[in-house]
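Here is the structure we will look at.
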Amino acid sequence: MRYSYNKLVELSGTKKSAEELSKLFLTRAFEVEGVESFKHSLESVVIGLVLEAEKHPNADKLKVTRVDTGDMVRQIVCGAPNVDKGQKVVVALPGAKLPGNVEIQETEIRGEASQGMIWSERELGFGEKHEGILVLPDDAPIGTSFAEYSGLSDFILDLKILPDRGADALSYRGLAREIGALEGRNLSFENEPLDKYPKNPIEIEIASEKCSRYAGFLFENVQQGTSPLSLQSFLLRNDVRSISAPVDITNFFLLEYGQPMHAFDADMIEGKVIIRQAKTGEQLQLLSGDMISLDIEDLVIADEKKALALAGVMGGMYSAITEKTTRVFLEIAIFDAVSVRRTRVRHNLSTDASYRYERGLDAHISSDTFALSAKLFREYCGATVVGFTDVYPSPLEPKTIVLPYGLTERMLGVPIEKDFIRSCLEAFGCDVQAEKESFVITVPTRRIDLEDEWNLVEEIGRTFGYENIPVTAPTFELSLPEENQAKRFERKMKEYLSSAGFDEMMTYSFYGTSDAEKYSLDLKNHLTLINPLSPELSLLRPSVLLTALIKAKDNLRYFDSFRYFEYGSAYTRDEKTFVNEEKQLTLVVADAKNENPFALLKGKVVSLLDFTHQRNISFQAVAQKETLWHPSRSAHIISDGNVIGTIGEISPRVLAKFGVKRRIACALFSAKDLSSSFASAVEAQPLPKFPYAVRDISLTFPHKVTVGEFEQLLLESGAPLLRHFELFDIYEQGEEKSLAFHLSFGADDRTLSGEEIEGIFDRIVALADERFEARLKL
């Protein structure tokens, strides 16, 4: 937010320079993003007195003037119809530059010398009028720099105002109070009493709780004239273009008081003014010219037949002020901050008014503007006040906070005198009452950021000066915090999988409807974002695997093999809490050198289950209705009778929808289930005294036989000397499949002989033939 240094000095009475004021803000209040001179391009532009104004001998529409500019009397040829003897005018001397970087030079016009140029408002940058020159008041000092006279010789302070200070510090008066308080002065402004006016003939009805206060003046005989030079200069220094006196007045109150106002053409209002919610299908053409379709959540200002303005954001074109407007309805209102923000986001609009309303406004600040707004309309526009109505059904009450005497010292670490605390808080406009053990503080309604005693301590601390608090190391007993087991498990899993050859991937938690349809998922079961980053990221993922597979498709453009995992959140509907968030782990494998990625992944998963201390592992085929998984190359992982995850290849039908031709194997786990045994104590097993013997076996089975069934057979026929087995290959051809396993044999009291191993081996082959009609593959 940019502020005029001259205006702050005028309101606050500070004696500090712009740099000193900047340092005060930086150390005690707000971040300062910059201090710079106001750029006006008015060098060599001074105030002059027209001594003579005679008709040009060689041109009907020109005049030859003699102008006293303080240093000399200059002859200037002027084409303005209103130039006349005795006027104080703005003179651009040779060397001055017009907008567009055109330099003024001494020249000859129709045979007469011209030693400068008399400027209109447009050349000065105050407005668009250029039919005549700008005539200054009679007391304007001759020869003085016009930039100095008009206040344009100024510094601009660019401050970063925190959102919770929007109710006071986004205005010049609020920031002036801040300066006074930081300098130890309780700065207050005297407001003129409001005259008694008749009730506004245009009735006001508040039909929505999103409007807490609405006041309106009705003015007649309004003249669309030019604002005084001082107001135009003030607006220009705040990057606001002067338009007309009525509009300039509303911009003045926005800047100095922080109170947005809006002026309606009263002749365009039919019946009473109603503050209500928009109706379904209702449309409104804004001042910007855009036609928008209103939402029922939008708050609008309307008459009895139509919407006139988008409350707190922008007025409508139909009721806008024009050059022909003579009757003005002036709105001074307070709207709900959340409602204004949602409307602004919904329609992609951003205005100075919405910026302030979104941060919350003090409803009492409106009262400070009533008398002055009527006065300025009378003085600047020649208007007559017809009536005034202020609808304020539930006046805002100030907060009361109890501040214990010792709290400030305990929090800041230094003793703070009670007198300093009192004077500090009173300087911020608080009413301070001392009681036996505490101060009872009544906070002004404009300070919506002061919610409790901790906020008051912060105000005292920054006023005291943090640089005045000695730096000391805190002393307290150290204790180890209780370890977060969920975070520990996540960290250990990531470390393990990284060491096992997997890369970690992190994706968005949302995806699009087109991707959900490719997975054949019901959109009704998804949680939908109200304001998504894009239309293709509008759904929260019900499984981490879904977004991981989308990235698999992207990675196959650049790599023919990869292994990665993602540990993230999945979101599903819950009848009690509406949103159920679950941590999940997914593994994704694609390998150009291995035609059977399932076997490769299964070995990794078995090792992972061992790392997480899972016991009694078995696998169960997935149901055919689970369309994401391959119908014959997938299984649920069961530990101690509970399903903890799923492993398998992705259905070719799903992969085809994503344009993927490579076989991809995946595993998906619930982090909660996978971690259930991780924290359990691990019993150390001694190393075997006698070496194990390792053999490989490959059997061909009918296609209907599952890996789990054969693994159960191994447990039965190999006990007790079969100590470990691991699937390392699956090969399918026609109606048959081949399974290849590593087998480890051993005993605790001896080294197994070759005959013993061959006996177990033969028993496995025989039982597989008997039960499954399997045959040994040589």
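Going by the structure tokens order, chains are called A, B, ..., each with residues numbered from 1, while ligands are numbered from 1 in the order shown.
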Excluding stretch 437-448 of chain A and any residue of its chain fewer than 3 positions from it, enumerate the residues within 8 Å of it, using only C-alpha atoms, and give them as a PyMOL selection string. chain A and resi 164-165+167-168+361-365+396-405+429-434+451
Save the residues we just selected, C-alpha atoms, as an mmCIF file, in the first residue's frame?
data_model
loop_
_atom_site.group_PDB
_atom_site.id
_atom_site.type_symbol
_atom_site.label_atom_id
_atom_site.label_comp_id
_atom_site.auth_asym_id
_atom_site.auth_seq_id
_atom_site.Cartn_x
_atom_site.Cartn_y
_atom_site.Cartn_z
ATOM 1 C CA ASP A 164 -5.596 -8.054 10.253
ATOM 2 C CA ARG A 165 -4.788 -4.324 10.241
ATOM 3 C CA ALA A 167 -9.707 -1.935 9.384
ATOM 4 C CA ASP A 168 -7.416 0.931 10.418
ATOM 5 C CA LEU A 361 -14.048 -2.761 8.311
ATOM 6 C CA ASP A 362 -15.032 -0.987 11.493
ATOM 7 C CA ALA A 363 -18.752 -0.267 11.269
ATOM 8 C CA HIS A 364 -18.300 2.841 13.429
ATOM 9 C CA ILE A 365 -15.917 4.478 10.951
ATOM 10 C CA LEU A 396 -20.928 -3.102 17.149
ATOM 11 C CA GLU A 397 -19.816 -3.220 20.778
ATOM 12 C CA PRO A 398 -16.147 -2.727 21.720
ATOM 13 C CA LYS A 399 -14.222 -5.673 23.207
ATOM 14 C CA THR A 400 -13.005 -5.734 26.802
ATOM 15 C CA ILE A 401 -9.749 -7.544 27.623
ATOM 16 C CA VAL A 402 -8.197 -8.274 31.023
ATOM 17 C CA LEU A 403 -4.392 -7.842 31.113
ATOM 18 C CA PRO A 404 -2.768 -9.262 34.298
ATOM 19 C CA TYR A 405 -0.035 -7.001 35.658
ATOM 20 C CA GLY A 429 -7.056 4.504 21.499
ATOM 21 C CA CYS A 430 -7.790 1.998 24.282
ATOM 22 C CA ASP A 431 -9.596 2.876 27.486
ATOM 23 C CA VAL A 432 -7.484 1.555 30.378
ATOM 24 C CA GLN A 433 -8.838 0.961 33.884
ATOM 25 C CA ALA A 434 -6.525 -0.235 36.659
ATOM 26 C CA GLU A 451 -8.498 -10.033 20.330
#
Determine the nearest neighbour of A:Phe146 from the options A:Ser670, A:Ser44, A:Ser607, A:Ser12, counting only C-alpha atoms.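 Using only C-alpha atoms, the shortest distance to A:Phe146 belongs to A:Ser44.
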For A:Ile617, the nearest of the candidates A:Arg66, A:His636, A:Lys15, A:Lys737, counting only C-alpha atoms: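 Using only C-alpha atoms, the shortest distance to A:Ile617 belongs to A:His636.
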Quick one: everything within 6 Å of A:Met317, counting only C-alpha atoms, minus sequence neighbours fewer than 4 positions away in the same chain. Send it as an mmCIF file with C-alpha atoms, in the first residue's frame.
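Written output follows (part27.cif):
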data_model
loop_
_atom_site.group_PDB
_atom_site.id
_atom_site.type_symbol
_atom_site.label_atom_id
_atom_site.label_comp_id
_atom_site.auth_asym_id
_atom_site.auth_seq_id
_atom_site.Cartn_x
_atom_site.Cartn_y
_atom_site.Cartn_z
ATOM 1 C CA GLN A 285 -23.442 -5.189 -16.337
ATOM 2 C CA LEU A 286 -20.554 -3.772 -14.327
ATOM 3 C CA LEU A 287 -18.867 -0.387 -14.614
#
When you count only C-alpha atoms, which of these residues is closest to A:Ala371: A:Phe701, A:Trp454, A:Phe464, A:Phe253?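 Among A:Phe701, A:Trp454, A:Phe464, A:Phe253, it is A:Phe253 that comes nearest to A:Ala371.
You can rank A:Leu714, A:Leu162, A:Leu294, A:Val313 by their closest distance to A:Val32 using only C-alpha atoms, and at the top of that list sits A:Leu162.
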For a test of reading the model, state the distance in Å between atom CA of A:Ala96 and atom CA of A:Ser233, rounded to one decimal. 19.4 Å
Using only C-alpha atoms, which protein or nucleic acid residues come within 9 Å of A:Asp368? Drop anything in the same chain fewer than 5 positions from it, and give the result as a list in words.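 The residues that qualify are Glu190, Asn191, Glu192 and Tyr257 of chain A.
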Leaving out A:Gly568 and any residue of its chain fewer than 4 positions from it, which residues lie within 7 Å of it when counting only C-alpha atoms, given as a CSV table (one decimal) with all heavy atoms, in the first residue's frame?
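Contents of the output file part37.csv:
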chain,number,residue,atom,x,y,z
A,544,VAL,N,-3.9,-43.2,-3.6
A,544,VAL,CA,-2.6,-42.6,-4.1
A,544,VAL,C,-2.2,-43.3,-5.4
A,544,VAL,O,-1.5,-42.7,-6.2
A,544,VAL,CB,-1.5,-42.8,-3.0
A,544,VAL,CG1,-0.2,-42.3,-3.5
A,544,VAL,CG2,-1.9,-42.1,-1.7
A,583,LYS,N,-3.4,-42.2,5.0
A,583,LYS,CA,-2.1,-42.3,4.4
A,583,LYS,C,-1.9,-43.6,3.7
A,583,LYS,O,-2.3,-44.7,4.3
A,583,LYS,CB,-1.0,-42.1,5.5
A,583,LYS,CG,-0.9,-40.7,6.1
A,583,LYS,CD,-0.4,-39.7,5.1
A,583,LYS,CE,-0.2,-38.4,5.7
A,583,LYS,NZ,0.3,-37.4,4.7
A,584,GLN,N,-1.4,-43.6,2.5
A,584,GLN,CA,-1.2,-44.8,1.8
A,584,GLN,C,0.2,-44.8,1.2
A,584,GLN,O,0.8,-43.8,1.0
A,584,GLN,CB,-2.2,-44.9,0.6
A,584,GLN,CG,-3.7,-45.1,1.1
A,584,GLN,CD,-4.6,-45.2,-0.1
A,584,GLN,OE1,-4.3,-44.9,-1.3
A,584,GLN,NE2,-5.8,-45.6,0.2
A,585,LEU,N,0.7,-46.0,0.9
A,585,LEU,CA,2.0,-46.2,0.2
A,585,LEU,C,1.7,-47.0,-1.1
A,585,LEU,O,1.0,-48.0,-1.0
A,585,LEU,CB,2.9,-47.0,1.1
A,585,LEU,CG,4.2,-47.5,0.5
A,585,LEU,CD1,5.1,-46.3,0.1
A,585,LEU,CD2,4.9,-48.5,1.4
Shortest interatomic distance to A:Leu556 - which of A:Ala311, A:Leu628, A:Val660, A:Ala427, counting only C-alpha atoms: A:Val660
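For A:Lys551, the set of protein, DNA and RNA residues having any atom at most 12 Å away, when counting only C-alpha atoms and skipping those fewer than 2 positions along the same chain, is Met505, Met506, Thr507, Tyr508, Tyr511, Asp515, Val544, Leu545, Leu546, Thr547, Ala548, Leu549, Lys553, Asp554, Asn555, Leu556, Arg557, Tyr558, Phe559, Phe562, Arg563, Tyr564, Phe565, Glu566, Val588, Val589, Phe658 and Val660 of chain A.
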Produce a file of the selected residues containing N, CA and C atoms, as a tab-separated table (two decimals), in the first residue's frame.
chain	number	residue	atom	x	y	z
A	505	MET	N	8.37	-40.27	-5.42
A	505	MET	CA	7.61	-39.34	-6.25
A	505	MET	C	6.56	-38.66	-5.39
A	506	MET	N	6.35	-37.38	-5.63
A	506	MET	CA	5.29	-36.63	-4.93
A	506	MET	C	4.38	-35.99	-5.96
A	507	THR	N	3.11	-36.29	-5.90
A	507	THR	CA	2.15	-35.76	-6.87
A	507	THR	C	1.08	-34.95	-6.14
A	508	TYR	N	0.28	-34.20	-6.92
A	508	TYR	CA	-0.87	-33.51	-6.35
A	508	TYR	C	-1.86	-34.52	-5.77
A	511	TYR	N	-6.97	-34.85	-9.04
A	511	TYR	CA	-6.88	-35.16	-10.47
A	511	TYR	C	-8.22	-34.83	-11.12
A	515	ASP	N	-9.67	-38.43	-16.03
A	515	ASP	CA	-8.84	-39.54	-15.53
A	515	ASP	C	-9.68	-40.50	-14.70
A	544	VAL	N	-3.88	-43.18	-3.62
A	544	VAL	CA	-2.60	-42.62	-4.08
A	544	VAL	C	-2.17	-43.28	-5.38
A	545	LEU	N	-2.59	-44.53	-5.58
A	545	LEU	CA	-2.20	-45.26	-6.78
A	545	LEU	C	-2.67	-44.57	-8.06
A	546	LEU	N	-3.81	-43.90	-8.01
A	546	LEU	CA	-4.39	-43.31	-9.22
A	546	LEU	C	-3.49	-42.24	-9.81
A	547	THR	N	-3.02	-41.32	-8.99
A	547	THR	CA	-2.14	-40.26	-9.51
A	547	THR	C	-0.75	-40.80	-9.81
A	548	ALA	N	-0.30	-41.83	-9.07
A	548	ALA	CA	1.00	-42.43	-9.36
A	548	ALA	C	1.01	-43.09	-10.74
A	549	LEU	N	-0.11	-43.71	-11.12
A	549	LEU	CA	-0.20	-44.33	-12.44
A	549	LEU	C	-0.21	-43.29	-13.56
A	553	LYS	N	2.50	-43.05	-16.78
A	553	LYS	CA	2.29	-42.78	-18.22
A	553	LYS	C	3.23	-41.68	-18.70
A	554	ASP	N	3.38	-40.62	-17.91
A	554	ASP	CA	4.27	-39.52	-18.31
A	554	ASP	C	5.72	-39.95	-18.33
A	555	ASN	N	6.13	-40.79	-17.36
A	555	ASN	CA	7.53	-41.21	-17.29
A	555	ASN	C	7.92	-42.15	-18.42
A	556	LEU	N	6.96	-42.91	-18.94
A	556	LEU	CA	7.26	-43.82	-20.04
A	556	LEU	C	7.61	-43.09	-21.33
A	557	ARG	N	7.36	-41.81	-21.39
A	557	ARG	CA	7.77	-41.04	-22.56
A	557	ARG	C	9.29	-40.87	-22.61
A	558	TYR	N	9.91	-40.94	-21.43
A	558	TYR	CA	11.35	-40.66	-21.35
A	558	TYR	C	12.18	-41.84	-20.86
A	559	PHE	N	11.57	-42.79	-20.13
A	559	PHE	CA	12.31	-43.92	-19.58
A	559	PHE	C	11.57	-45.21	-19.93
A	562	PHE	N	11.56	-48.06	-14.76
A	562	PHE	CA	11.63	-47.23	-13.55
A	562	PHE	C	10.98	-47.97	-12.38
A	563	ARG	N	11.39	-47.57	-11.19
A	563	ARG	CA	10.79	-48.07	-9.95
A	563	ARG	C	10.61	-46.84	-9.05
A	564	TYR	N	9.41	-46.56	-8.64
A	564	TYR	CA	9.22	-45.43	-7.72
A	564	TYR	C	8.09	-45.73	-6.74
A	565	PHE	N	8.06	-44.95	-5.67
A	565	PHE	CA	7.02	-45.08	-4.66
A	565	PHE	C	6.49	-43.70	-4.30
A	566	GLU	N	5.29	-43.67	-3.77
A	566	GLU	CA	4.73	-42.43	-3.22
A	566	GLU	C	4.05	-42.74	-1.90
A	588	VAL	N	5.37	-48.62	-7.79
A	588	VAL	CA	5.11	-48.76	-9.22
A	588	VAL	C	6.40	-49.23	-9.89
A	589	VAL	N	6.28	-50.29	-10.73
A	589	VAL	CA	7.45	-50.86	-11.39
A	589	VAL	C	7.15	-51.07	-12.87
A	658	PHE	N	-5.06	-45.00	-21.20
A	658	PHE	CA	-4.01	-43.99	-21.00
A	658	PHE	C	-2.95	-44.05	-22.11
A	660	VAL	N	-0.93	-46.61	-22.73
A	660	VAL	CA	0.27	-47.32	-22.26
A	660	VAL	C	0.24	-48.76	-22.76
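Among the candidates A:Asp640, A:Glu103, A:Asp503, A:Ala486, the one nearest to A:Phe678 when counting only C-alpha atoms is A:Ala486.
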Which residues come within 12 Å of stretch 61-64 of chain A, counting only C-alpha atoms, excluding same-chain residues fewer than 6 positions away, as a PyMOL selection string? chain A and resi 50-55+74-85+108-118
Mind giving me the straight-line distance from atom CA of A:Glu409 to atom CA of A:Ser423 in Å, one decimal?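 Atom CA of A:Ser423 lies at a distance of 16.2 Å from atom CA of A:Glu409.
As for atom CA of A:Glu121 and atom CA of A:Ile133, they are spaced 7.0 Å apart.
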